[in-house]
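> First the structure, then my questions, so here it is.
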Amino acid sequence: MVAHTCRICGLNFSYEPVFYAGTLQEVITRKYCDECIPRMEAKGSMAAAENVAQEREKAWLEICPPPYRETDAVRLPMNPAPLAKVLKWKGGGSRGIALAGATGVGKTRAMFLLLHRLHWEGHHVTAVTAKRFERYVHQMFEKDNEARDMIRRAHRADILYIRIFFLSVFASHSI
Ligand SMILES: [Zn+2]
């Protein structure tokens, strides 16, 4: 047995040293006691999970314009039945969603609520207005880098959300 002082809690602990190829050469020196190792590992994975969450949150801010970030599904003026259908939509299939209706009923808000969930579930989502999308497609042929970037992102996305003034279209693998 070898005795050591734990670098975290400062208590003494002892452990069976690891021998290499039968010789009495110690190859692993432990710095932490049995109680502190799992605590340290848990902290590490918590930090990693936190990092992933922060990255995802940051990515969302780039996808979702400010007016659509704080939407409460309960307060949407949309009819609850179609709204529930929209919010339940799962990406990945060949069927998309198109919402048509008067301005102000909450089509875009509903779509961004759905997009938010899909984003957090790990889908690659992209949102763009139809007008912008059209402009980007034109500019792409004029070697515009921002346009190429957007088109590339849209192409990579498994869920693409195109907003038109009175119509919201959600497409899976549409391009
Ligand atoms: Zn310890």
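By order of appearance in the structure tokens: chains A, B, ..., then residues from 1 within every chain, and ligands from 1 in the order shown.
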Kindly provide, as an MDAnalysis selection string, all nucleotide and amino acid residues lying within 12 Å of ligand 1, counting only C-alpha atoms and all ligand atoms.
chainID A and resid 4:14 30:40
> List the spatial neighbours of range 81-94 of chain A as a VMD selection string - criterion: any atom at most 10 Å away, only C-alpha atoms, same-chain residues fewer than 4 positions off excluded.
chain A and resid 73 to 74 76 to 77 98 to 99 106 to 107 110 to 115 117 to 118 123 125 158 to 160 170 to 174
> Residues of range 58-132 of chain A in helix (DSSP H, G or I) according to DSSP, as a PDB file with N, CA and C atoms, in the first residue's frame?

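Contents of selection21.pdb, freshly written:
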```
ATOM      1  N   LYS A  58     -26.416  30.088 -27.697  1.00  0.00           N
ATOM      2  CA  LYS A  58     -25.789  31.108 -28.537  1.00  0.00           C
ATOM      3  C   LYS A  58     -26.202  30.918 -30.002  1.00  0.00           C
ATOM      4  N   ALA A  59     -26.195  29.668 -30.441  1.00  0.00           N
ATOM      5  CA  ALA A  59     -26.580  29.360 -31.825  1.00  0.00           C
ATOM      6  C   ALA A  59     -28.037  29.768 -32.060  1.00  0.00           C
ATOM      7  N   TRP A  60     -28.884  29.560 -31.050  1.00  0.00           N
ATOM      8  CA  TRP A  60     -30.307  29.898 -31.191  1.00  0.00           C
ATOM      9  C   TRP A  60     -30.497  31.392 -31.418  1.00  0.00           C
ATOM     10  N   LEU A  61     -29.712  32.209 -30.724  1.00  0.00           N
ATOM     11  CA  LEU A  61     -29.836  33.658 -30.868  1.00  0.00           C
ATOM     12  C   LEU A  61     -29.516  34.086 -32.300  1.00  0.00           C
ATOM     13  N   GLU A  62     -28.698  33.323 -32.990  1.00  0.00           N
ATOM     14  CA  GLU A  62     -28.392  33.649 -34.378  1.00  0.00           C
ATOM     15  C   GLU A  62     -29.486  33.183 -35.332  1.00  0.00           C
ATOM     16  N   ILE A  63     -30.233  32.173 -34.916  1.00  0.00           N
ATOM     17  CA  ILE A  63     -31.303  31.644 -35.765  1.00  0.00           C
ATOM     18  C   ILE A  63     -32.576  32.471 -35.602  1.00  0.00           C
ATOM     19  N   PRO A  66     -34.877  38.662 -32.498  1.00  0.00           N
ATOM     20  CA  PRO A  66     -35.325  39.055 -31.150  1.00  0.00           C
ATOM     21  C   PRO A  66     -36.836  39.042 -30.924  1.00  0.00           C
ATOM     22  N   PRO A  67     -37.675  39.539 -31.853  1.00  0.00           N
ATOM     23  CA  PRO A  67     -39.111  39.593 -31.524  1.00  0.00           C
ATOM     24  C   PRO A  67     -39.744  38.216 -31.287  1.00  0.00           C
ATOM     25  N   TYR A  68     -39.080  37.160 -31.739  1.00  0.00           N
ATOM     26  CA  TYR A  68     -39.689  35.829 -31.624  1.00  0.00           C
ATOM     27  C   TYR A  68     -39.070  34.965 -30.531  1.00  0.00           C
ATOM     28  N   ALA A  73     -46.676  29.949 -25.754  1.00  0.00           N
ATOM     29  CA  ALA A  73     -47.644  29.242 -26.603  1.00  0.00           C
ATOM     30  C   ALA A  73     -49.078  29.512 -26.157  1.00  0.00           C
ATOM     31  N   VAL A  74     -49.271  29.644 -24.842  1.00  0.00           N
ATOM     32  CA  VAL A  74     -50.621  29.829 -24.304  1.00  0.00           C
ATOM     33  C   VAL A  74     -51.238  31.147 -24.762  1.00  0.00           C
ATOM     34  N   ARG A  75     -50.379  32.138 -25.006  1.00  0.00           N
ATOM     35  CA  ARG A  75     -50.903  33.472 -25.346  1.00  0.00           C
ATOM     36  C   ARG A  75     -51.027  33.707 -26.846  1.00  0.00           C
ATOM     37  N   PRO A  80     -56.072  26.757 -30.944  1.00  0.00           N
ATOM     38  CA  PRO A  80     -55.245  25.785 -30.220  1.00  0.00           C
ATOM     39  C   PRO A  80     -55.039  24.450 -30.946  1.00  0.00           C
ATOM     40  N   ALA A  81     -56.019  23.995 -31.702  1.00  0.00           N
ATOM     41  CA  ALA A  81     -55.887  22.682 -32.345  1.00  0.00           C
ATOM     42  C   ALA A  81     -54.773  22.647 -33.400  1.00  0.00           C
ATOM     43  N   PRO A  82     -54.800  23.572 -34.382  1.00  0.00           N
ATOM     44  CA  PRO A  82     -53.683  23.566 -35.333  1.00  0.00           C
ATOM     45  C   PRO A  82     -52.355  23.908 -34.670  1.00  0.00           C
ATOM     46  N   LEU A  83     -52.404  24.752 -33.651  1.00  0.00           N
ATOM     47  CA  LEU A  83     -51.169  25.110 -32.955  1.00  0.00           C
ATOM     48  C   LEU A  83     -50.521  23.875 -32.320  1.00  0.00           C
ATOM     49  N   ALA A  84     -51.358  23.054 -31.667  1.00  0.00           N
ATOM     50  CA  ALA A  84     -50.851  21.841 -31.036  1.00  0.00           C
ATOM     51  C   ALA A  84     -50.230  20.916 -32.082  1.00  0.00           C
ATOM     52  N   LYS A  85     -50.860  20.878 -33.252  1.00  0.00           N
ATOM     53  CA  LYS A  85     -50.364  20.047 -34.343  1.00  0.00           C
ATOM     54  C   LYS A  85     -48.974  20.527 -34.791  1.00  0.00           C
ATOM     55  N   VAL A  86     -48.873  21.849 -34.921  1.00  0.00           N
ATOM     56  CA  VAL A  86     -47.594  22.443 -35.334  1.00  0.00           C
ATOM     57  C   VAL A  86     -46.505  22.102 -34.319  1.00  0.00           C
ATOM     58  N   LEU A  87     -46.829  22.315 -33.054  1.00  0.00           N
ATOM     59  CA  LEU A  87     -45.808  22.140 -32.019  1.00  0.00           C
ATOM     60  C   LEU A  87     -45.394  20.685 -31.837  1.00  0.00           C
ATOM     61  N   LYS A  88     -46.250  19.767 -32.302  1.00  0.00           N
ATOM     62  CA  LYS A  88     -45.927  18.342 -32.168  1.00  0.00           C
ATOM     63  C   LYS A  88     -45.105  17.821 -33.337  1.00  0.00           C
ATOM     64  N   LYS A 107     -48.471  32.920 -36.704  1.00  0.00           N
ATOM     65  CA  LYS A 107     -47.856  31.855 -37.508  1.00  0.00           C
ATOM     66  C   LYS A 107     -46.337  31.794 -37.267  1.00  0.00           C
ATOM     67  N   THR A 108     -45.719  32.955 -37.374  1.00  0.00           N
ATOM     68  CA  THR A 108     -44.263  32.992 -37.219  1.00  0.00           C
ATOM     69  C   THR A 108     -43.855  32.605 -35.806  1.00  0.00           C
ATOM     70  N   ARG A 109     -44.610  33.111 -34.834  1.00  0.00           N
ATOM     71  CA  ARG A 109     -44.294  32.778 -33.443  1.00  0.00           C
ATOM     72  C   ARG A 109     -44.412  31.272 -33.205  1.00  0.00           C
ATOM     73  N   ALA A 110     -45.469  30.690 -33.755  1.00  0.00           N
ATOM     74  CA  ALA A 110     -45.672  29.254 -33.593  1.00  0.00           C
ATOM     75  C   ALA A 110     -44.510  28.489 -34.228  1.00  0.00           C
ATOM     76  N   MET A 111     -44.103  28.938 -35.406  1.00  0.00           N
ATOM     77  CA  MET A 111     -43.013  28.270 -36.108  1.00  0.00           C
ATOM     78  C   MET A 111     -41.707  28.377 -35.330  1.00  0.00           C
ATOM     79  N   PHE A 112     -41.468  29.541 -34.749  1.00  0.00           N
ATOM     80  CA  PHE A 112     -40.228  29.682 -33.988  1.00  0.00           C
ATOM     81  C   PHE A 112     -40.263  28.884 -32.684  1.00  0.00           C
ATOM     82  N   LEU A 113     -41.453  28.727 -32.109  1.00  0.00           N
ATOM     83  CA  LEU A 113     -41.583  27.866 -30.926  1.00  0.00           C
ATOM     84  C   LEU A 113     -41.179  26.437 -31.292  1.00  0.00           C
ATOM     85  N   LEU A 114     -41.722  26.005 -32.429  1.00  0.00           N
ATOM     86  CA  LEU A 114     -41.407  24.658 -32.905  1.00  0.00           C
ATOM     87  C   LEU A 114     -39.922  24.541 -33.246  1.00  0.00           C
ATOM     88  N   LEU A 115     -39.425  25.554 -33.939  1.00  0.00           N
ATOM     89  CA  LEU A 115     -38.021  25.540 -34.355  1.00  0.00           C
ATOM     90  C   LEU A 115     -37.098  25.472 -33.132  1.00  0.00           C
ATOM     91  N   HIS A 116     -37.494  26.187 -32.075  1.00  0.00           N
ATOM     92  CA  HIS A 116     -36.714  26.200 -30.842  1.00  0.00           C
ATOM     93  C   HIS A 116     -36.600  24.791 -30.262  1.00  0.00           C
ATOM     94  N   ARG A 117     -37.734  24.113 -30.204  1.00  0.00           N
ATOM     95  CA  ARG A 117     -37.724  22.745 -29.676  1.00  0.00           C
ATOM     96  C   ARG A 117     -36.842  21.837 -30.528  1.00  0.00           C
ATOM     97  N   LEU A 118     -36.992  21.942 -31.849  1.00  0.00           N
ATOM     98  CA  LEU A 118     -36.210  21.088 -32.755  1.00  0.00           C
ATOM     99  C   LEU A 118     -34.713  21.384 -32.620  1.00  0.00           C
ATOM    100  N   HIS A 119     -34.401  22.664 -32.465  1.00  0.00           N
ATOM    101  CA  HIS A 119     -33.007  23.077 -32.276  1.00  0.00           C
ATOM    102  C   HIS A 119     -32.434  22.428 -31.019  1.00  0.00           C
ATOM    103  N   TRP A 120     -33.225  22.474 -29.933  1.00  0.00           N
ATOM    104  CA  TRP A 120     -32.744  21.896 -28.672  1.00  0.00           C
ATOM    105  C   TRP A 120     -32.703  20.378 -28.714  1.00  0.00           C
ATOM    106  N   ALA A 130     -38.282  34.556 -47.057  1.00  0.00           N
ATOM    107  CA  ALA A 130     -38.306  34.161 -48.471  1.00  0.00           C
ATOM    108  C   ALA A 130     -37.596  35.202 -49.332  1.00  0.00           C
ATOM    109  N   LYS A 131     -37.832  36.475 -48.978  1.00  0.00           N
ATOM    110  CA  LYS A 131     -37.243  37.572 -49.728  1.00  0.00           C
ATOM    111  C   LYS A 131     -35.712  37.481 -49.686  1.00  0.00           C
ATOM    112  N   ARG A 132     -35.221  37.257 -48.492  1.00  0.00           N
ATOM    113  CA  ARG A 132     -33.790  37.168 -48.298  1.00  0.00           C
ATOM    114  C   ARG A 132     -33.229  35.939 -49.004  1.00  0.00           C
TER     115      ARG A 132
END
```
> Excluding same-chain residues fewer than 4 positions from Glu134 in chain A, what lies within 12 Å of it counting only C-alpha atoms, as a ChimeraX atom specification?
/A:128-130,138-141,147,150-151,162-164
> From a backbone DSSP assignment, name each residue in range 10-85 of chain A labelled strand (DSSP E), as a PyMOL selection string.
chain A and resi 12-15
> In terms of the shortest atom-to-atom distance over only C-alpha atoms, which of A:Val52, A:Thr126, A:Met78, A:Ala47 is closest to Thr103 in chain A?
A:Met78
> By how many Å are CA of Val2 in chain A and CA of Pro17 in chain A apart?
6.4 Å
> For CA of Ala3 in chain A and CA of Tyr15 in chain A, determine how far apart the two atoms are, in Å to one decimal place.
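Separating CA of Ala3 in chain A from CA of Tyr15 in chain A is a distance of 6.7 Å.
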